[in-house]
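Visitor: Quick one, query35.cif (mmCIF, C-alpha atoms and all ligand atoms):
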```cif
data_input
#
loop_
_atom_site.label_atom_id
_atom_site.label_comp_id
_atom_site.auth_asym_id
_atom_site.auth_seq_id
_atom_site.Cartn_x
_atom_site.Cartn_y
_atom_site.Cartn_z
CA MET A 1131 0.00 0.00 0.00
CA GLU A 1132 1.29 3.39 -0.95
CA ILE A 1133 1.15 6.23 1.54
CA TRP A 1134 -0.88 9.06 0.06
CA ILE A 1135 1.20 11.89 1.48
CA GLU A 1136 4.05 10.57 -0.68
CA LYS A 1137 1.91 9.47 -3.62
CA TYR A 1138 0.32 12.93 -3.85
CA ARG A 1139 3.30 15.07 -2.94
CA PRO A 1140 3.24 17.83 -5.58
CA GLU A 1141 6.12 17.79 -8.09
CA LYS A 1142 5.76 21.29 -9.48
CA VAL A 1143 5.82 24.57 -7.60
CA SER A 1144 2.48 25.53 -9.17
CA ASP A 1145 0.85 22.32 -7.88
CA VAL A 1146 1.47 23.16 -4.22
CA ALA A 1147 -1.83 24.09 -2.56
CA GLY A 1148 -2.18 27.54 -0.97
CA GLN A 1149 1.04 29.58 -0.54
CA LYS A 1150 0.03 31.64 -3.59
CA GLU A 1151 2.47 34.52 -3.06
CA THR A 1152 5.31 32.09 -2.50
CA VAL A 1153 4.44 30.21 -5.67
CA LYS A 1154 4.55 33.49 -7.61
CA MET A 1155 7.92 34.45 -6.17
CA LEU A 1156 9.52 31.06 -6.79
CA GLU A 1157 8.19 30.93 -10.35
CA GLY A 1158 9.92 34.26 -10.88
CA PHE A 1159 13.19 32.69 -9.70
CA ILE A 1160 12.72 29.70 -11.99
CA LYS A 1161 12.04 31.96 -14.97
CA SER A 1162 15.12 34.08 -14.36
CA GLY A 1163 17.31 31.10 -13.46
CA GLU A 1164 18.57 32.99 -10.41
CA MET A 1165 17.71 32.76 -6.74
CA PRO A 1166 18.98 34.06 -3.39
CA HIS A 1167 19.55 31.91 -0.31
CA LEU A 1168 16.14 31.13 1.15
CA ILE A 1169 14.59 30.34 4.52
CA PHE A 1170 11.23 28.53 4.37
CA ALA A 1171 9.50 29.10 7.71
CA GLY A 1172 6.07 27.95 8.83
CA PRO A 1173 3.94 25.40 10.70
CA PRO A 1174 4.16 21.62 10.08
CA GLY A 1175 2.68 19.95 7.02
CA VAL A 1176 2.08 23.01 4.86
CA GLY A 1177 4.54 22.27 2.05
CA LYS A 1178 7.98 23.58 3.02
CA THR A 1179 9.95 20.41 2.22
CA THR A 1180 7.71 19.75 -0.77
CA MET A 1181 8.24 23.25 -2.14
CA ALA A 1182 12.02 23.04 -1.73
CA LEU A 1183 12.10 19.82 -3.74
CA CYS A 1184 9.78 21.28 -6.42
CA LEU A 1185 11.97 24.37 -6.69
CA ALA A 1186 15.13 22.26 -7.01
CA ARG A 1187 13.51 20.06 -9.64
CA GLU A 1188 12.39 22.98 -11.78
CA MET A 1189 15.47 25.11 -11.20
CA LEU A 1190 18.09 22.43 -11.83
CA GLY A 1191 16.43 20.56 -14.68
CA GLU A 1192 16.82 16.98 -15.79
CA ASN A 1193 19.49 15.62 -13.46
CA TRP A 1194 18.32 17.73 -10.55
CA ARG A 1195 19.03 15.02 -8.01
CA ASP A 1196 22.74 15.20 -8.87
CA HIS A 1197 22.84 18.90 -8.17
CA LEU A 1198 20.90 18.85 -4.93
CA LEU A 1199 22.34 18.02 -1.53
CA GLU A 1200 19.68 17.30 1.08
CA LEU A 1201 20.75 17.52 4.68
CA ASN A 1202 18.47 16.87 7.61
CA ALA A 1203 19.53 18.53 10.80
CA SER A 1204 17.48 16.07 12.84
CA ASN A 1205 19.88 13.31 11.84
CA ASP A 1206 22.60 13.39 14.39
CA ARG A 1207 25.48 14.72 12.35
CA GLY A 1208 28.29 16.94 13.48
CA ILE A 1209 28.76 20.30 11.86
CA ASP A 1210 32.22 19.30 10.61
CA VAL A 1211 30.75 16.44 8.64
CA ILE A 1212 28.11 18.76 7.28
CA LYS A 1213 30.67 21.37 6.28
CA ASN A 1214 32.82 18.73 4.59
CA ASP A 1215 29.80 17.36 2.74
CA VAL A 1216 28.91 20.82 1.53
CA LYS A 1217 32.50 21.53 0.52
CA GLU A 1218 32.82 18.31 -1.42
CA PHE A 1219 29.44 18.79 -3.04
CA ALA A 1220 30.30 22.34 -4.07
CA ARG A 1221 33.63 21.30 -5.58
CA ASN A 1222 32.65 18.15 -7.43
CA GLY A 1223 31.05 17.88 -10.82
CA SER A 1224 30.40 21.57 -11.13
CA ILE A 1225 27.33 22.41 -13.12
CA THR A 1226 27.81 23.81 -16.62
CA ASP A 1227 27.19 27.41 -17.71
CA GLY A 1228 28.08 28.85 -14.34
CA LYS A 1229 24.84 27.54 -12.89
CA PHE A 1230 24.56 26.86 -9.20
CA LYS A 1231 23.73 23.79 -7.14
CA ILE A 1232 21.34 23.72 -4.21
CA VAL A 1233 21.95 22.62 -0.63
CA PHE A 1234 18.69 22.01 1.18
CA PHE A 1235 18.88 22.06 4.95
CA ASP A 1236 15.65 20.51 6.20
CA GLU A 1237 14.50 21.18 9.78
CA SER A 1238 17.39 23.55 10.22
CA ASP A 1239 16.10 25.06 13.46
CA GLN A 1240 17.31 21.80 15.02
CA LEU A 1241 20.90 22.84 14.34
CA THR A 1242 22.69 24.28 17.35
CA PRO A 1243 23.62 27.98 17.13
CA GLU A 1244 27.29 26.94 17.09
CA ALA A 1245 26.70 24.71 14.09
CA GLN A 1246 24.81 27.50 12.36
CA ALA A 1247 27.59 29.95 13.09
CA ALA A 1248 30.04 27.57 11.42
CA LEU A 1249 27.87 27.58 8.30
CA ARG A 1250 28.07 31.34 7.77
CA ARG A 1251 31.49 31.28 6.14
CA THR A 1252 30.62 28.22 4.08
CA MET A 1253 27.64 30.06 2.63
CA GLU A 1254 29.80 32.95 1.55
CA ILE A 1255 32.73 30.96 0.26
CA TYR A 1256 30.54 28.89 -2.03
CA TYR A 1257 28.00 31.55 -3.01
CA LYS A 1258 29.16 31.45 -6.62
CA ASN A 1259 28.03 27.90 -7.20
CA VAL A 1260 25.79 26.98 -4.28
CA ARG A 1261 22.47 28.34 -3.02
CA PHE A 1262 21.11 27.31 0.36
CA ILE A 1263 17.51 26.63 1.28
CA PHE A 1264 16.77 26.27 4.99
CA SER A 1265 13.45 24.95 6.19
CA CYS A 1266 12.22 25.42 9.76
CA ASN A 1267 9.09 25.89 11.84
CA TYR A 1268 10.24 29.19 13.36
CA SER A 1269 12.63 31.56 11.63
CA SER A 1270 13.70 32.63 15.13
CA GLY A 1271 15.44 29.24 15.36
CA ILE A 1272 17.93 30.48 12.75
CA ILE A 1273 20.69 32.79 13.96
CA PRO A 1274 20.47 36.43 12.75
CA PRO A 1275 23.68 36.32 10.65
CA ILE A 1276 22.20 33.50 8.55
CA GLN A 1277 18.80 35.19 8.43
CA SER A 1278 20.38 38.32 7.02
CA ARG A 1279 22.00 36.33 4.22
CA CYS A 1280 18.65 34.88 3.18
CA VAL A 1281 15.25 35.89 1.93
CA ILE A 1282 12.69 34.64 4.47
CA VAL A 1283 9.67 33.00 2.88
CA ARG A 1284 6.70 32.52 5.20
CA PHE A 1285 4.47 29.48 4.73
CA ARG A 1286 0.91 29.66 6.00
CA LYS A 1287 -1.64 27.15 7.21
CA ILE A 1288 -3.79 25.86 4.36
CA SER A 1289 -7.16 27.62 4.08
CA LEU A 1290 -10.50 25.78 3.99
CA GLU A 1291 -10.95 26.55 0.30
CA ASP A 1292 -7.47 25.43 -0.78
CA MET A 1293 -7.55 22.31 1.38
CA VAL A 1294 -10.96 21.17 0.16
CA GLU A 1295 -9.87 21.67 -3.44
CA ALA A 1296 -6.66 19.68 -2.97
CA LEU A 1297 -8.41 16.87 -1.07
CA LYS A 1298 -11.15 16.70 -3.70
CA LYS A 1299 -8.56 16.05 -6.40
CA ILE A 1300 -7.07 13.17 -4.44
CA ALA A 1301 -10.50 11.73 -3.59
CA ASP A 1302 -11.53 11.87 -7.27
CA THR A 1303 -8.37 10.11 -8.40
CA GLU A 1304 -8.93 7.43 -5.76
CA LYS A 1305 -12.65 7.23 -6.64
CA LEU A 1306 -13.48 7.87 -3.00
CA PRO A 1307 -17.08 8.92 -2.39
CA VAL A 1308 -16.73 11.94 -0.09
CA ASP A 1309 -18.96 15.00 -0.05
CA GLY A 1310 -18.23 18.60 0.92
CA GLU A 1311 -19.30 18.00 4.53
CA ILE A 1312 -16.69 15.30 5.01
CA LEU A 1313 -13.95 17.41 3.45
CA GLU A 1314 -14.89 20.32 5.71
CA ALA A 1315 -14.78 18.02 8.72
CA ILE A 1316 -11.29 16.95 7.68
CA PHE A 1317 -10.27 20.61 7.48
CA GLU A 1318 -11.70 21.22 10.94
CA ASN A 1319 -9.56 18.41 12.32
CA SER A 1320 -6.40 19.32 10.43
CA ASP A 1321 -5.37 22.63 11.97
CA GLY A 1322 -4.45 23.79 8.47
CA ASP A 1323 -1.92 20.95 8.20
CA MET A 1324 -2.14 19.29 4.78
CA ARG A 1325 -0.14 16.25 5.86
CA LYS A 1326 -2.62 15.61 8.65
CA ALA A 1327 -5.55 16.16 6.27
CA VAL A 1328 -4.27 13.73 3.62
CA ASN A 1329 -3.60 11.15 6.33
CA ILE A 1330 -7.17 11.46 7.64
CA LEU A 1331 -8.49 11.14 4.08
CA GLN A 1332 -6.50 7.96 3.53
CA SER A 1333 -7.67 6.52 6.87
CA ILE A 1334 -11.35 6.98 6.06
CA SER A 1335 -10.81 5.50 2.59
CA PHE A 1336 -10.79 2.07 4.25
CA ILE A 1337 -14.35 2.63 5.51
CA GLU A 1338 -17.07 1.60 3.09
CA LYS A 1339 -19.32 4.68 3.25
CA PRO A 1340 -17.37 7.19 5.34
CA THR A 1341 -19.32 9.80 7.33
CA VAL A 1342 -18.47 13.00 9.17
CA LYS A 1343 -18.45 11.01 12.40
CA ASP A 1344 -15.81 8.66 10.95
CA VAL A 1345 -13.61 11.69 10.28
CA PHE A 1346 -13.79 12.75 13.92
CA ASP A 1347 -13.25 9.16 15.10
CA VAL A 1348 -10.20 8.72 12.92
CA ALA A 1349 -8.80 12.10 13.97
CA GLY A 1350 -9.47 11.18 17.59
CA SER A 1351 -11.38 14.36 18.35
CA ILE A 1352 -14.97 15.28 19.12
CA ASP A 1353 -17.50 16.81 16.80
CA GLU A 1354 -18.69 19.97 18.61
CA LYS A 1355 -22.25 18.76 18.11
CA GLU A 1356 -21.55 16.05 20.71
CA VAL A 1357 -21.18 18.62 23.48
CA VAL A 1358 -24.14 20.86 22.56
CA PRO A 1359 -26.54 19.13 25.02
CA LEU A 1360 -23.88 19.30 27.73
CA LEU A 1361 -23.37 23.03 27.30
CA SER A 1362 -27.07 23.71 27.09
CA ASN A 1363 -27.73 21.90 30.40
CA MET A 1364 -24.84 23.66 32.09
CA ARG A 1365 -26.18 27.03 30.91
CA HIS A 1366 -29.56 26.18 32.45
CA GLY A 1367 -27.98 25.12 35.71
CA ASN A 1368 -29.19 21.52 35.35
CA PHE A 1369 -26.35 19.99 37.29
CA VAL A 1370 -27.67 16.42 37.54
CA GLU A 1371 -28.45 16.12 33.84
CA ALA A 1372 -25.22 17.85 32.75
CA SER A 1373 -23.16 15.55 34.95
CA ARG A 1374 -24.97 12.50 33.54
CA ILE A 1375 -24.23 13.64 29.98
CA SER A 1376 -20.57 14.35 30.66
CA THR A 1377 -20.11 10.94 32.29
CA GLY A 1378 -21.77 9.36 29.25
CA LEU A 1379 -19.33 11.12 26.92
CA ILE A 1380 -16.44 9.52 28.80
CA VAL A 1381 -17.85 6.11 29.66
CA ASP A 1382 -20.07 5.31 26.68
CA LYS A 1383 -18.41 7.26 23.90
CA GLY A 1384 -14.84 6.91 25.04
CA PHE A 1385 -13.84 10.57 24.79
CA SER A 1386 -11.19 12.00 27.07
CA ALA A 1387 -11.84 15.00 29.30
CA ILE A 1388 -9.35 17.03 27.30
CA ASP A 1389 -11.25 16.28 24.04
CA ILE A 1390 -14.46 17.44 25.71
CA ILE A 1391 -12.84 20.63 26.98
CA LYS A 1392 -11.46 21.46 23.54
CA ALA A 1393 -14.87 20.93 21.94
CA LEU A 1394 -16.54 23.07 24.62
CA HIS A 1395 -13.97 25.78 24.06
CA LYS A 1396 -14.75 25.92 20.34
CA LEU A 1397 -18.45 25.98 21.00
CA ILE A 1398 -18.30 28.67 23.68
CA SER A 1399 -16.06 30.82 21.46
CA ARG A 1400 -18.96 31.15 19.05
CA GLU A 1401 -21.73 31.16 21.64
CA GLN A 1402 -24.03 34.18 21.90
CA THR A 1403 -23.84 34.88 25.61
CA SER A 1404 -22.88 37.68 27.99
CA PRO A 1405 -19.19 38.64 28.11
CA ILE A 1406 -19.13 37.80 31.84
CA ILE A 1407 -20.38 34.25 31.33
CA LYS A 1408 -17.96 33.78 28.46
CA ARG A 1409 -15.05 35.11 30.50
CA GLU A 1410 -15.81 32.94 33.51
CA SER A 1411 -16.33 29.89 31.28
CA PHE A 1412 -12.93 30.29 29.65
CA MET A 1413 -11.34 30.65 33.07
CA ALA A 1414 -13.00 27.44 34.21
CA LEU A 1415 -11.89 25.58 31.06
CA GLY A 1416 -8.34 26.85 31.50
CA ASP A 1417 -8.21 25.76 35.13
CA VAL A 1418 -9.47 22.29 34.33
CA GLU A 1419 -7.11 21.89 31.38
CA LEU A 1420 -4.19 22.67 33.69
CA ARG A 1421 -5.40 20.30 36.40
CA LEU A 1422 -5.70 17.50 33.85
CA ALA A 1423 -2.17 18.17 32.63
CA GLN A 1424 -1.03 17.88 36.23
CA GLY A 1425 -2.59 14.45 36.52
CA GLY A 1426 -6.15 15.13 37.72
CA SER A 1427 -8.56 12.34 36.86
CA ASP A 1428 -10.95 12.76 33.94
CA ASN A 1429 -14.26 12.15 35.70
CA ILE A 1430 -13.53 14.23 38.80
CA GLN A 1431 -12.25 17.16 36.78
CA LEU A 1432 -15.21 17.06 34.42
CA ASP A 1433 -17.66 16.96 37.35
CA TYR A 1434 -15.81 19.92 38.82
CA LEU A 1435 -16.18 21.77 35.52
CA VAL A 1436 -19.88 20.96 35.28
CA ALA A 1437 -20.40 22.09 38.89
CA ARG A 1438 -18.58 25.37 38.31
CA MET A 1439 -20.38 26.12 35.05
CA CYS A 1440 -23.79 25.35 36.59
CA LYS A 1441 -23.01 27.59 39.54
CA LEU A 1442 -22.01 30.32 37.13
CA SER A 1443 -25.32 30.15 35.28
CA THR A 1444 -27.41 30.34 38.47
CA GLU A 1445 -25.35 33.23 39.87
CA ASN A 1446 -25.80 35.28 36.73
CA LEU A 1447 -29.51 34.79 36.19
N1 LIG B 1 0.69 23.00 0.30
C1 LIG B 1 0.55 21.68 0.05
N2 LIG B 1 -0.06 21.27 -1.09
C2 LIG B 1 -0.23 19.97 -1.34
N3 LIG B 1 0.18 18.98 -0.52
C3 LIG B 1 0.79 19.32 0.61
C4 LIG B 1 1.01 20.70 0.95
N4 LIG B 1 1.64 20.75 2.13
C5 LIG B 1 1.81 19.49 2.52
N5 LIG B 1 1.30 18.62 1.62
C6 LIG B 1 1.26 17.15 1.75
O1 LIG B 1 1.82 16.83 3.03
C7 LIG B 1 3.05 16.14 2.88
C8 LIG B 1 4.07 16.74 3.82
O2 LIG B 1 4.39 18.06 3.45
P1 LIG B 1 5.82 18.70 3.69
O3 LIG B 1 6.79 17.64 3.99
O4 LIG B 1 6.12 19.59 2.55
O5 LIG B 1 5.52 19.55 4.99
P2 LIG B 1 6.49 20.57 5.77
O6 LIG B 1 5.89 21.93 5.64
O7 LIG B 1 7.89 20.39 5.31
O8 LIG B 1 6.29 20.08 7.27
P3 LIG B 1 7.34 19.94 8.49
O9 LIG B 1 7.43 21.29 9.13
O10 LIG B 1 6.68 18.96 9.41
O11 LIG B 1 8.63 19.45 7.92
C9 LIG B 1 3.42 16.26 1.42
O12 LIG B 1 4.05 15.09 0.97
C10 LIG B 1 2.10 16.44 0.73
O13 LIG B 1 1.51 15.18 0.49
MG MG B 2 9.51 19.40 6.22
#
```
Show me this structure written as structure tokens.
Guide:
Amino acid sequence: MEIWIEKYRPEKVSDVAGQKETVKMLEGFIKSGEMPHLIFAGPPGVGKTTMALCLAREMLGENWRDHLLELNASNDRGIDVIKNDVKEFARNGSITDGKFKIVFFDESDQLTPEAQAALRRTMEIYYKNVRFIFSCNYSSGIIPPIQSRCVIVRFRKISLEDMVEALKKIADTEKLPVDGEILEAIFENSDGDMRKAVNILQSISFIEKPTVKDVFDVAGSIDEKEVVPLLSNMRHGNFVEASRISTGLIVDKGFSAIDIIKALHKLISREQTSPIIKRESFMALGDVELRLAQGGSDNIQLDYLVARMCKLSTENL
């Protein structure tokens, strides 16, 4: 079985979903055959590694693999080895017509500042025939002297529209019967991360007639709809009923307290209620989230939350 995130990894800059401004800029580089050193910064799964490979492929032409050196800072490799690799790569088999090669430093914010400092000179010495691309989650993980030698390209989370379009293409190719509701549910569970979204899509492809609920199950989170009755009872101060519902969510449906809190948070964010109730609710959710992280038990903490929220609603009648 092929993993879809690899099977559907875009091969051309223009095929990368979202990142429209970046696509435009990189296409300009490809057209002119010139590019500066680059830093690709942004959240996980939005196309940084993909885009670097697309750029290399289109920039370097047919034997692009021979002119690209991929280094992953997460692999435990000393900076001396890295510098030697870069040196050797830069020297050997120089590209014709004064063209440059590309060194791609993936996950470069994992490099220690000392290692990065050692790279500064290397970048300058080999500027004539080597361009560097660094990818990282936060550009602040790259030391200022390297930042100032590069153009920083910001990658953004994938929007609903772009994600649905990209997922639809994959689903059509795979002849997977999914409607707009399912794709939107995948977006909701993806946090704008395309890798996560494609993985969810592949997981539900094993289900015969996948539903929105399957998406939430696979993603291991709760559809907000599940906590609507809970919130409504808490807002009416019905402690007994609210407590019964919250226990049911844990015992019968198998959700964790933290899932329930996250779903409540989303729901309350959009709720039409007084600013005071909203404020106090968020404070209660925050307290309980912290207690859970410190090892509080799911059922006791949820009962505490229900008690506090019910008290809040009766006090503010
Ligand atoms: N913008 C995108 N358009 C289309 N597919 C994408 C996009 N971003 C990510 N993907 C899919 O997700 C997979 C992983 O993306 P990629 O490795 O480029 O993420 P990344 O931004 O480098 O993440 P990380 O910060 O975790 O390294 C790709 O193989 C591709 O299938
Ligand atoms: Mg990456």
Visitor: Please find the residues contacting ligand LIG 1 (chain B) at a distance of at most 7 Å between atoms, with all atoms listed in the file counted, and report them as a PyMOL selection string.
Guide: chain A and resi 1134-1136+1138-1140+1145-1149+1172-1181+1237+1266-1267+1288+1296+1323-1325+1328
Visitor: Within 12 Å of (-10.9, 6.1, 14.9) (coordinates as in the file), grab all the protein and nucleic acid residues, counting only C-alpha atoms, and write them out as a ChimeraX atom specification.
Guide: /A:1330,1333-1334,1336-1337,1340-1352,1383-1385
Visitor: When you count only C-alpha atoms, which of these residues is closest to Asp1196 of chain A: A:Ile1232, A:Arg1409, A:Gly1163, A:Lys1213?
Guide: A:Ile1232
Visitor: Could you list, as a list of chain:residue names, every residue within 10 Å of Glu1410 of chain A, counting all atoms listed in the file and ignoring same-chain residues fewer than 5 positions away?
Guide: A:Pro1405, A:Leu1415, A:Gly1416, A:Arg1438, A:Met1439, A:Leu1442
Visitor: List the neighbours of Ile1407 of chain A out to 12 Å using all atoms listed in the file; skip same-chain residues closer than 5 positions along the sequence, and give me the result as a list in words.
Guide: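 Those residues are Met1364, Arg1365, Ile1398, Ser1399, Glu1401, Gln1402, Phe1412, Met1413, Ala1414, Arg1438, Met1439, Cys1440, Lys1441, Leu1442, Ser1443, Thr1444, Glu1445, Asn1446 and Leu1447 of chain A.
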Visitor: Between A:Ser1265, A:Asn1329, A:Asn1214, A:Thr1252, which residue has the minimum interatomic distance to ligand MG 2 (chain B), considering only C-alpha atoms and all ligand atoms?
Guide: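 Among A:Ser1265, A:Asn1329, A:Asn1214, A:Thr1252, it is A:Ser1265 that comes nearest to ligand MG 2 (chain B).
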